[in-house]
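Q: Quick one: structure below, then a few questions.
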Amino acid sequence: MATDNDILNELNELGSTLVRAPKRMPYNVPEGYFDALPDAMYSMANTQAQDTKTNPYSVPGGYFDTLPQQVLQKAKQGAVTAPEKTKGTNIWMKNIRWAAAAIFIFAVGLGSYRVLTPQTLSIQQQLDQVPESVLAAYVADNVDDFDTELITGNIQTTTTGINSVDNEDIEDYLEGWQ
Amino acid sequence: MAGALTETDDNLLLASFRDEDTREAAFTALVRKYQQKLYWHIRRLVVGHDDSNDILQHVFIKMWNNLADFRGESGLYTWLYRIATNETLSWLAKEKRRRSVPLDADEGMLEEKLQAQDGFDANKLEWKLQQAIQSLPEKQRVVFSLRYYDEMPYEQMAEILDTSVGALKASYHHAVKKVEAFIKDN
């Protein structure tokens with residue numbers, strides 16, 4: 001801090017008449033202003049600091065009290081997964097499920113159609129599907145003498161048919177086997 | 001507690017301010033210590049009490065907000081004066097914009113405020129001196145006030161105003177001559 005003498009000496013050096021000028025300020029200040037200002041300033045600064053720090057957002061009541069338990073519970077259930085990855089898997093799985101459902105419905109429909117629709121196979125085709133052993137057992141159990149005569153008669157007819165074949169045809173046939 | 005703290009040096013007050021338990025006492029002690037010097041520095045530049053009070057409050061609010069981070073590169077006294085000077089110059093610029101006064105011609109605005117002061121008497125030397133000071137360009141007014149009234153060394157003024165000592169001396173000498181001339185002519 002420069003002393004009053006320093007300031008006066010400087011003015012003297014400048015030859016200024018301000019050396020003799022009054023330094024008293026003529027302005028008025030409200031009574032008690034400087035007595036009250038320190039406490040008023042603290043109150044103002046403290047309030048301003050609190051206002052600045054006040055968070056304008058609200059949180060549901062008790063949110064932070066229950067949050068740790070909620071997170072812990074979800075973690076134990078294994079329900080805590082990466083949100084984006086889960087989202088992508090769900091979309092893919094949903095498509096697969098729809099495709100599987102369509103295939104299942106188609107299969108059930110086709111099966112029902114086959115079961116419920118009457119068979120149109122020929123007698124020959126049906127007989128072709130019967131095993132030889134089943135036929136032999138059926139003949140043994142069901143063919144009686146009458147049936148034997150009928151079958152023998154058809155065989156004789158067949159033999160007669162053979163006799164009507166030309167010798168040349170027989171010779172051609174036999175040559176084909178050689 | 002607060003009364004005892006007013007007598008201690010700035011470093012102790014700073015340490016007290018950084019401690020939550022003694023912050024209030026340290027703050028009020030600092031306000032009490034610097035309020036009058038800062039108030040009169042501001043008021044000599046803006047004239048009106050209400051305007052000075054508003055600016056001073058801003059200065060102390062800034063002190064509250066930034067004092068904990070104050071590094072002490074300059075003295076607390078210098079730091080507070082710099083804040084007060086910058087706040088005052090900002091207020092004057094806003095006031096001139098509000099009143100559509102050219103930035104380099106604010107003496108009319110301040111003369112008007114001066115004449116509205118209680119007890120204003122243009123024939124008394126102390127009032128005439130204030131009129132002369134308000135007729136100075138803004139920067140010269142700041143320099144004159146800091147040197148003539150606050151008796152501040154040029155080196156400290158250079159820290160506050162970011163100007164060289166030589167430039168400040170020249171500015172002050174010019175200001176003194178202008179003030180003298182104003183008083184002589186009026």
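For the structure tokens, the naming scheme is as follows: chains receive sequential letters (A, B, ...) according to their order of presentation, residues are indexed from 1 within each chain, and ligands are indexed from 1 in presentation order.
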Using only C-alpha atoms and a distance of at most 7 Å, pull out the residues of chain B that contact chain A, as a ChimeraX atom specification.
A: /B:24,27-28,31-32,49,57,61,64,118,126-127,148-149,151-153,180
Q: Tell me which protein, DNA and RNA residues are within 7 Å of B:Val59, counting only C-alpha atoms, leaving out same-chain ones fewer than 4 positions away, and put them as an MDAnalysis selection string.
A: chainID B and resid 55 63 83:84
Q: Nearest residue to B:Thr78 out of B:Ile160, B:Ala170, B:Leu114, B:Ala132, using only C-alpha atoms?
A: B:Ile160
Q: Could you tell me, as a ChimeraX atom specification, which residues of stretch 80-174 of chain B DSSP assigns to helix (DSSP H, G or I) when given the backbone?
A: /B:80-98,107-115,125-134,138-149,154-161,165-174
Q: What does the structure give for the distance between atom CA of B:Val165 and atom CA of B:Tyr81, in Å to one decimal?
A: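 It comes out at 16.9 Å.
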